[in-house]
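To keep things clear, I will list the structure first and then write my remarks on it.
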Amino acid sequence: MPPESTSTITASGVRNEEPELIHRPTSKKDGKASSKPTKELDPRLYDIHSDYVPPIEIVWRNVALFVYLHTAAAIGLYFLFTGQVQWRTVLWTCTWHLFGALGITAGAHRLYAHKSYKAKLPLRIIMTFMQTVSFQNSIWEWARDHRVHHKYSETHADPHNAKRGFFFAHMGWLMCKKHPMVREKGKLLDVSDLEADPLIMWQKKYYLPIVLVVSFFIPALGPWFFWGESFVVAWCFAAQLRYCFNLHCTWLVNSAAHMWGNRPYDQTISPAENKTVAIWAFGEGWHNYHHTFPWDYKTSELGNYEFNFTTAFIDFFAWLGWAHDLKTVSHKVIEDRCKRTGDGSHLIFKALENHHHEEDAPWGWGDKDIPKERIEVTQSIYSEGENKKD
Ligand code: ST9
Ligand code: ZN
Ligand code: ZN
């Protein structure tokens, strides 16, 4: 059994200690570690790469809630296709979907989990409101789980480990107890930045009442109150169907984008570039790039607004002065990385390949059609003085 140890936090945000074999629960009141150790864990669990999976403990409350959600959402869809939803309610619902989506992409994900840019108080208030609309756990819990996901991706410490199959990564992980290693490894991560933000801690403290009001009651009551929509229609369509749709779009990033697509930046990892997911997830499907450079505020190489609306949203607030210190990665670093670890599907390789077959292939040294990057890496042996180009 490895000895227990005290810990310090390193620059990479991980406490430099071995995981404790004895789990000490934290007191809900004062947040300090309890002196009462609980049961010892099976030593096999500590190998986070192993094939061993402990028996699954289903959380039936969550199963029941998801069954209710999907039933109500299906009824909402029926109301839509039978023309029972007023056009104003459709517009209203799309607006709330936009809030929930950006609250996750620009807020929980790029701002809070990855710190890929900084936001001034008014934008942080907007982000907290929008993230609450999404009903995907508090910012604190979402960002903590997501940091663990990146740090221990595709292992048992990853809350939605895609190696356990599409369904588990998509939504199964929310219907059973987490693997003990999620908690053990998660405890080692630094979340002090989140805990230092009073807005995040306020949202965490009052999460359940505010999420029910902001994500369900206001979206459902609005159409009924303002233009006399049937409350049942508004509940099923604007609240339940909207929420269900938002969840599946988000979950696709954990499932589909961890399985299918190219890996131009790093072929040794599972996350892939998936355009379909990027479309449904407001620009979050460029997942091979994102796992390779998680601090880039664009979560993709190109800030293409068409397939990355979230980037346009952040750029707008940067223009307004409410978002600043947007972090990104230089083209040179990306290119080097593609050449070192990519699967060869990046456009740089295509450009070079095509160039070779075109009619303007270079006739020799001095031809203007030699690609610049080839000129730069050409060595002149025994050259007299500087590396002459002619
Ligand atoms: C939802 C979240 O859907 C979705 C997240 C997706 C992320 C996607 C990312 C992709 C990029 C962004 C793409 C955006 C695209 C958007 C497109 C939009 C159009 N570290 O949690 P408990 C501790 S939420 C350290 O109860 P159980 C914890 O502190 C949907 N510690 O675990 C606690 O300690 P203590 C709504 C951790 O019992 C203890 O463990 N919500 C960690 O195993 C127990 O914690 C739901 O459906 C960690 N990482 O239960 C379900 N984790 O005792 C909500 C836990 O000391 N969740 N701990 O307090 C649950 O009901 C439960 O968490 C559970 C597991 C049943 C899933
Ligand atoms: Zn991420
Ligand atoms: Zn991922």
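To be explicit about the labels: the chains of the structure tokens are called A, B, and onward in the order shown, and within each one the residues are counted from 1, while ligands get numbers from 1 in the order they are shown.
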- request: Find the residues near ligand 1. Use a cut-off of 6 Å, count only C-alpha atoms and all ligand atoms, and write them as a ChimeraX atom specification.
  value: /A:25-26,59,101,104-105,109,136-137,144-145,148,173-178,182-183,186-187,246-247,249-251,253-254,280-282,284
Just-selected residues, N, CA and C atoms written as a compact mmCIF listing (two decimals), in the first residue's frame:
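Done, and the output landed in again17.txt:
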```
# COMPACT_ATOMS: atom_id res chain seq x y z
N PRO A 25 -13.29 11.04 3.43
CA PRO A 25 -14.33 11.94 2.92
C PRO A 25 -14.17 13.34 3.49
N THR A 26 -14.46 14.37 2.67
CA THR A 26 -14.40 15.73 3.20
C THR A 26 -15.71 16.08 3.86
N VAL A 59 -27.44 4.35 -10.94
CA VAL A 59 -28.15 5.34 -10.11
C VAL A 59 -29.55 5.47 -10.72
N ALA A 101 -26.25 26.83 -24.97
CA ALA A 101 -25.10 26.33 -25.73
C ALA A 101 -23.87 27.20 -25.47
N ILE A 104 -22.20 26.84 -22.13
CA ILE A 104 -21.30 25.69 -22.02
C ILE A 104 -20.02 25.94 -22.83
N THR A 105 -20.16 26.30 -24.10
CA THR A 105 -18.97 26.39 -24.95
C THR A 105 -18.05 27.55 -24.55
N HIS A 109 -16.73 25.73 -20.67
CA HIS A 109 -15.62 25.06 -21.34
C HIS A 109 -14.40 25.96 -21.54
N GLN A 136 -26.24 21.69 -16.79
CA GLN A 136 -25.23 20.61 -16.92
C GLN A 136 -24.31 20.57 -15.71
N ASN A 137 -24.90 20.67 -14.54
CA ASN A 137 -24.15 20.76 -13.28
C ASN A 137 -23.57 22.17 -13.12
N ARG A 144 -14.35 21.03 -13.11
CA ARG A 144 -13.50 20.04 -12.45
C ARG A 144 -13.54 18.71 -13.20
N ASP A 145 -14.73 18.23 -13.54
CA ASP A 145 -14.83 16.97 -14.29
C ASP A 145 -14.11 17.09 -15.64
N VAL A 148 -10.37 16.86 -15.35
CA VAL A 148 -9.97 15.46 -15.13
C VAL A 148 -10.06 14.69 -16.46
N TRP A 173 -22.40 7.38 -18.41
CA TRP A 173 -21.62 7.78 -17.23
C TRP A 173 -22.43 8.61 -16.23
N LEU A 174 -23.51 9.22 -16.71
CA LEU A 174 -24.35 10.03 -15.81
C LEU A 174 -25.42 9.19 -15.12
N MET A 175 -25.44 7.89 -15.42
CA MET A 175 -26.46 7.03 -14.84
C MET A 175 -25.87 5.98 -13.92
N CYS A 176 -24.59 6.12 -13.59
CA CYS A 176 -23.99 5.18 -12.64
C CYS A 176 -22.94 5.90 -11.80
N LYS A 177 -22.52 5.25 -10.74
CA LYS A 177 -21.49 5.82 -9.86
C LYS A 177 -20.18 5.93 -10.63
N LYS A 178 -19.42 6.96 -10.33
CA LYS A 178 -18.16 7.15 -11.04
C LYS A 178 -17.13 6.11 -10.61
N VAL A 182 -11.76 8.39 -10.73
CA VAL A 182 -12.15 9.75 -11.14
C VAL A 182 -11.99 10.66 -9.93
N ARG A 183 -12.50 10.16 -8.82
CA ARG A 183 -12.43 10.94 -7.59
C ARG A 183 -10.98 11.06 -7.10
N GLY A 186 -9.10 13.22 -9.51
CA GLY A 186 -9.71 14.54 -9.51
C GLY A 186 -9.28 15.37 -8.31
N LYS A 187 -9.10 14.68 -7.18
CA LYS A 187 -8.69 15.39 -5.96
C LYS A 187 -7.31 16.02 -6.11
N ASN A 246 -29.94 20.03 -26.20
CA ASN A 246 -28.67 20.61 -25.76
C ASN A 246 -27.75 19.53 -25.19
N LEU A 247 -28.33 18.63 -24.38
CA LEU A 247 -27.51 17.57 -23.78
C LEU A 247 -26.91 16.67 -24.85
N CYS A 249 -26.33 17.26 -28.01
CA CYS A 249 -25.30 17.97 -28.80
C CYS A 249 -23.99 18.00 -28.02
N THR A 250 -24.08 18.24 -26.73
CA THR A 250 -22.88 18.29 -25.89
C THR A 250 -22.25 16.90 -25.77
N TRP A 251 -23.07 15.93 -25.48
CA TRP A 251 -22.56 14.57 -25.26
C TRP A 251 -21.86 14.00 -26.49
N VAL A 253 -19.75 15.33 -28.24
CA VAL A 253 -18.32 15.67 -28.18
C VAL A 253 -17.57 14.58 -27.40
N ASN A 254 -18.19 14.07 -26.35
CA ASN A 254 -17.55 13.02 -25.55
C ASN A 254 -17.59 11.65 -26.23
N TRP A 280 -23.17 20.77 -34.68
CA TRP A 280 -24.19 20.67 -33.63
C TRP A 280 -23.72 21.28 -32.31
N ALA A 281 -22.40 21.32 -32.11
CA ALA A 281 -21.87 21.74 -30.81
C ALA A 281 -21.21 23.12 -30.86
N PHE A 282 -21.68 23.98 -31.73
CA PHE A 282 -21.23 25.38 -31.77
C PHE A 282 -19.70 25.49 -31.87
N GLU A 284 -17.37 22.90 -31.25
CA GLU A 284 -16.58 22.11 -30.31
C GLU A 284 -16.26 20.71 -30.81
```
Throw together the list of residues within 9 Å of ligand 2, counting only C-alpha atoms and all ligand atoms, and drop it here as a short mmCIF file (atom, residue, chain, number, x, y, z; two decimals) with N, CA and C atoms, in the first residue's frame.
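The result, stored in selection-v7.cif:
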```
data_model
loop_
_atom_site.label_atom_id
_atom_site.label_comp_id
_atom_site.auth_asym_id
_atom_site.auth_seq_id
_atom_site.Cartn_x
_atom_site.Cartn_y
_atom_site.Cartn_z
N HIS A 109 -16.73 25.73 -20.67
CA HIS A 109 -15.62 25.06 -21.34
C HIS A 109 -14.40 25.96 -21.54
N ARG A 110 -14.53 26.96 -22.44
CA ARG A 110 -13.33 27.72 -22.83
C ARG A 110 -12.86 28.70 -21.75
N ALA A 113 -13.16 25.99 -17.57
CA ALA A 113 -12.39 24.74 -17.49
C ALA A 113 -10.97 24.94 -18.00
N HIS A 114 -10.83 25.71 -19.11
CA HIS A 114 -9.50 25.81 -19.75
C HIS A 114 -8.79 27.14 -19.54
N ALA A 143 -16.40 22.16 -14.66
CA ALA A 143 -15.00 22.45 -15.00
C ALA A 143 -14.06 21.44 -14.34
N HIS A 146 -14.25 18.25 -16.26
CA HIS A 146 -13.66 18.41 -17.60
C HIS A 146 -12.12 18.46 -17.53
N ARG A 147 -11.59 19.07 -16.49
CA ARG A 147 -10.12 19.07 -16.34
C ARG A 147 -9.62 17.64 -16.12
N HIS A 149 -11.08 15.01 -17.23
CA HIS A 149 -11.24 14.36 -18.55
C HIS A 149 -10.00 14.62 -19.43
N HIS A 150 -9.53 15.86 -19.48
CA HIS A 150 -8.36 16.16 -20.33
C HIS A 150 -7.10 15.53 -19.78
N GLU A 284 -17.37 22.90 -31.25
CA GLU A 284 -16.58 22.11 -30.31
C GLU A 284 -16.26 20.71 -30.81
N HIS A 287 -11.90 18.17 -32.09
CA HIS A 287 -11.47 17.68 -30.78
C HIS A 287 -10.04 17.16 -30.75
N HIS A 290 -8.25 20.30 -30.11
CA HIS A 290 -8.54 20.79 -28.76
C HIS A 290 -7.78 20.01 -27.69
N HIS A 291 -7.71 18.68 -27.83
CA HIS A 291 -6.97 17.91 -26.82
C HIS A 291 -5.46 18.12 -26.96
N PRO A 294 -5.24 22.50 -25.57
CA PRO A 294 -6.49 22.85 -24.87
C PRO A 294 -6.58 24.29 -24.37
N TRP A 295 -5.50 25.03 -24.47
CA TRP A 295 -5.55 26.42 -23.99
C TRP A 295 -5.91 27.40 -25.12
N THR A 299 -10.57 26.55 -29.70
CA THR A 299 -10.69 25.07 -29.67
C THR A 299 -10.58 24.45 -31.06
#
```
Residues at most 6 Å from A:Gly285, counting only C-alpha atoms, excluding those fewer than 3 positions away in the same chain, as a PDB file with C-alpha atoms, in the first residue's frame?
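Output file selection-v1.pdb follows:
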```pdb
ATOM      1  CA  ASN A 274     -15.415  15.800 -36.446  1.00  0.00           C
ATOM      2  CA  VAL A 277     -20.186  17.356 -34.178  1.00  0.00           C
ATOM      3  CA  ALA A 278     -18.673  20.835 -34.638  1.00  0.00           C
TER       4      ALA A 278
END
```
- prompt: Hey, which of A:Leu252, A:Ile381, A:Ala64, A:Leu77 ends up closest to ligand 3? Count only C-alpha atoms and all ligand atoms.
  reply: A:Leu252
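With only C-alpha atoms taken into account, the protein and nucleic acid residues at most 8 Å from A:Ser138 (excluding it and anything under 6 positions from it in its own chain) are Gln131, Thr132, Ile200, Gln203, Lys204 and Tyr207 of chain A.
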Just N, CA and C atoms for this one: save the residues we selected as a CSV table (one decimal), in the first residue's frame.
```
chain,number,residue,atom,x,y,z
A,131,GLN,N,-24.7,29.5,-18.5
A,131,GLN,CA,-24.3,28.1,-18.1
A,131,GLN,C,-25.4,27.5,-17.2
A,132,THR,N,-26.1,28.3,-16.4
A,132,THR,CA,-27.1,27.8,-15.6
A,132,THR,C,-28.3,27.3,-16.5
A,200,ILE,N,-18.9,31.8,-9.1
A,200,ILE,CA,-18.9,30.4,-9.2
A,200,ILE,C,-19.4,29.7,-8.0
A,203,GLN,N,-23.1,30.3,-7.4
A,203,GLN,CA,-23.9,29.4,-8.2
A,203,GLN,C,-23.9,28.0,-7.7
A,204,LYS,N,-22.7,27.5,-7.2
A,204,LYS,CA,-22.6,26.1,-6.7
A,204,LYS,C,-23.5,26.0,-5.5
A,207,TYR,N,-27.3,26.1,-6.5
A,207,TYR,CA,-27.5,25.5,-7.8
A,207,TYR,C,-28.9,25.0,-8.1
```
DSSP-assigned alpha helix (DSSP H) among stretch 143-272 of chain A, expressed as a short mmCIF file (atom, residue, chain, number, x, y, z; two decimals) with C-alpha atoms, in the first residue's frame:
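Result file is out_33.cif:
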```
data_model
loop_
_atom_site.label_atom_id
_atom_site.label_comp_id
_atom_site.auth_asym_id
_atom_site.auth_seq_id
_atom_site.Cartn_x
_atom_site.Cartn_y
_atom_site.Cartn_z
CA ALA A 143 -15.00 22.45 -15.00
CA ARG A 144 -13.50 20.04 -12.45
CA ASP A 145 -14.83 16.97 -14.29
CA HIS A 146 -13.66 18.41 -17.60
CA ARG A 147 -10.12 19.07 -16.34
CA VAL A 148 -9.97 15.46 -15.13
CA HIS A 149 -11.24 14.36 -18.55
CA HIS A 150 -8.36 16.16 -20.33
CA LYS A 151 -5.68 15.14 -17.86
CA PHE A 166 -20.21 5.01 -27.21
CA PHE A 167 -23.14 4.80 -24.80
CA PHE A 168 -21.03 5.11 -21.66
CA ALA A 169 -19.14 8.14 -23.04
CA HIS A 170 -22.34 9.72 -24.36
CA PRO A 180 -13.22 5.51 -7.88
CA MET A 181 -10.19 6.75 -9.81
CA VAL A 182 -12.15 9.75 -11.14
CA ARG A 183 -12.43 10.94 -7.59
CA GLU A 184 -8.87 9.95 -6.60
CA LYS A 185 -7.23 11.66 -9.57
CA GLY A 186 -9.71 14.54 -9.51
CA SER A 192 -8.39 26.95 -6.59
CA ASP A 193 -9.03 29.46 -9.40
CA LEU A 194 -12.66 28.29 -9.55
CA GLU A 195 -13.01 28.39 -5.79
CA PRO A 198 -17.39 34.24 -5.69
CA LEU A 199 -19.81 34.04 -8.62
CA ILE A 200 -18.94 30.37 -9.25
CA MET A 201 -19.21 29.52 -5.57
CA TRP A 202 -22.53 31.36 -5.29
CA GLN A 203 -23.91 29.41 -8.24
CA LYS A 204 -22.63 26.15 -6.70
CA LYS A 205 -24.26 26.92 -3.34
CA TYR A 207 -27.50 25.52 -7.80
CA LEU A 208 -30.68 23.45 -7.60
CA PRO A 209 -33.24 26.24 -7.01
CA ILE A 210 -31.69 28.64 -9.52
CA VAL A 211 -31.24 26.00 -12.22
CA ILE A 218 -38.79 30.77 -17.01
CA PRO A 219 -38.46 29.12 -20.48
CA ALA A 220 -41.77 27.29 -19.94
CA LEU A 221 -43.74 30.10 -18.25
CA GLY A 222 -42.65 32.85 -20.70
CA PRO A 223 -44.67 31.67 -23.74
CA TRP A 224 -47.70 30.89 -21.55
CA PHE A 225 -47.58 34.31 -19.86
CA PHE A 226 -46.65 36.56 -22.82
CA TRP A 227 -48.60 35.10 -25.76
CA PHE A 231 -48.35 25.53 -20.62
CA VAL A 232 -48.02 21.82 -21.48
CA VAL A 233 -46.74 22.68 -24.98
CA ALA A 234 -44.29 25.23 -23.56
CA ARG A 242 -34.64 22.20 -25.64
CA TYR A 243 -32.74 20.71 -22.68
CA CYS A 244 -32.67 17.21 -24.17
CA PHE A 245 -31.36 18.55 -27.48
CA ASN A 246 -28.67 20.61 -25.76
CA LEU A 247 -27.51 17.57 -23.78
CA HIS A 248 -27.20 15.31 -26.82
CA CYS A 249 -25.30 17.97 -28.80
CA THR A 250 -22.88 18.29 -25.89
CA TRP A 251 -22.56 14.57 -25.26
CA LEU A 252 -21.63 13.97 -28.92
CA VAL A 253 -18.32 15.67 -28.18
CA ASN A 254 -17.55 13.02 -25.55
#
```
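In terms of minimum interatomic distance to A:Met127, A:Trp322 ranks closest within A:Phe307, A:Trp322, A:Trp365, A:Tyr46, counting only C-alpha atoms.
Residues with any atom within 9 Å of A:Leu102, counting only C-alpha atoms and excluding same-chain neighbours fewer than 4 positions away, are His97, Leu98, Ala106, Gly107, Ala108, Met127, Met130, Gln131, Ser134, Phe282, Phe309, Thr310 and Phe313 of chain A.
Going from atom CA of A:Leu111 over to atom CA of A:Thr128, you cover 10.8 Å.
A straight line drawn from atom CA of A:Thr292 to atom CA of A:Lys372 is 26.4 Å long.
The spacing separating atom CA of A:Ser116 from atom CA of A:Ser153 amounts to 19.1 Å.
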task: Please provide as a ChimeraX atom specification all residues within 12 Å of A:His49, with the sequence filter that same-chain residues fewer than 4 positions apart are discarded (counting only C-alpha atoms).
output: /A:44-45,53,152-158,161,163-164,181
Prev. selection, C-alpha atoms, output as a short mmCIF file (atom, residue, chain, number, x, y, z; two decimals), in the first residue's frame:
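Just written: out_20.cif:
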```
data_model
loop_
_atom_site.label_atom_id
_atom_site.label_comp_id
_atom_site.auth_asym_id
_atom_site.auth_seq_id
_atom_site.Cartn_x
_atom_site.Cartn_y
_atom_site.Cartn_z
CA ARG A 44 -6.70 -3.40 -9.20
CA LEU A 45 -8.54 -0.09 -9.47
CA VAL A 53 -13.91 -2.41 -14.65
CA TYR A 152 -6.60 11.44 -17.80
CA SER A 153 -8.39 11.07 -21.13
CA GLU A 154 -9.32 7.52 -22.17
CA THR A 155 -8.42 6.05 -18.78
CA HIS A 156 -10.59 5.00 -15.82
CA ALA A 157 -9.94 8.40 -14.24
CA ASP A 158 -11.74 10.06 -17.15
CA ASN A 161 -13.89 7.28 -20.65
CA LYS A 163 -12.84 3.27 -24.15
CA ARG A 164 -15.93 2.02 -22.31
CA MET A 181 -10.19 6.75 -9.81
#
```
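In this comparison, which uses only C-alpha atoms and all ligand atoms, the residue of A:Ile48, A:Val63, A:Ala272, A:Cys338 approaching ligand 3 most closely is A:Ala272.
In this comparison, which uses only C-alpha atoms, the residue of A:Asp197, A:Asp47, A:Asp369, A:Asp42 approaching A:Arg124 most closely is A:Asp197.
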A:Cys236: which residues within 7 Å, counting only C-alpha atoms, same-chain residues fewer than 3 positions away excluded, as a PDB file with C-alpha atoms, in the first residue's frame?
```
ATOM      1  CA  ALA A  72     -41.421  14.803 -22.456  1.00  0.00           C
ATOM      2  CA  ALA A  73     -39.016  15.818 -25.249  1.00  0.00           C
ATOM      3  CA  ILE A  75     -44.045  14.831 -26.802  1.00  0.00           C
ATOM      4  CA  GLY A  76     -42.556  18.296 -27.456  1.00  0.00           C
ATOM      5  CA  VAL A 232     -48.018  21.815 -21.479  1.00  0.00           C
ATOM      6  CA  VAL A 233     -46.744  22.682 -24.976  1.00  0.00           C
ATOM      7  CA  ALA A 239     -38.049  23.371 -21.471  1.00  0.00           C
ATOM      8  CA  GLN A 240     -37.723  19.600 -21.971  1.00  0.00           C
ATOM      9  CA  LEU A 241     -37.037  19.242 -25.714  1.00  0.00           C
TER      10      LEU A 241
END
```
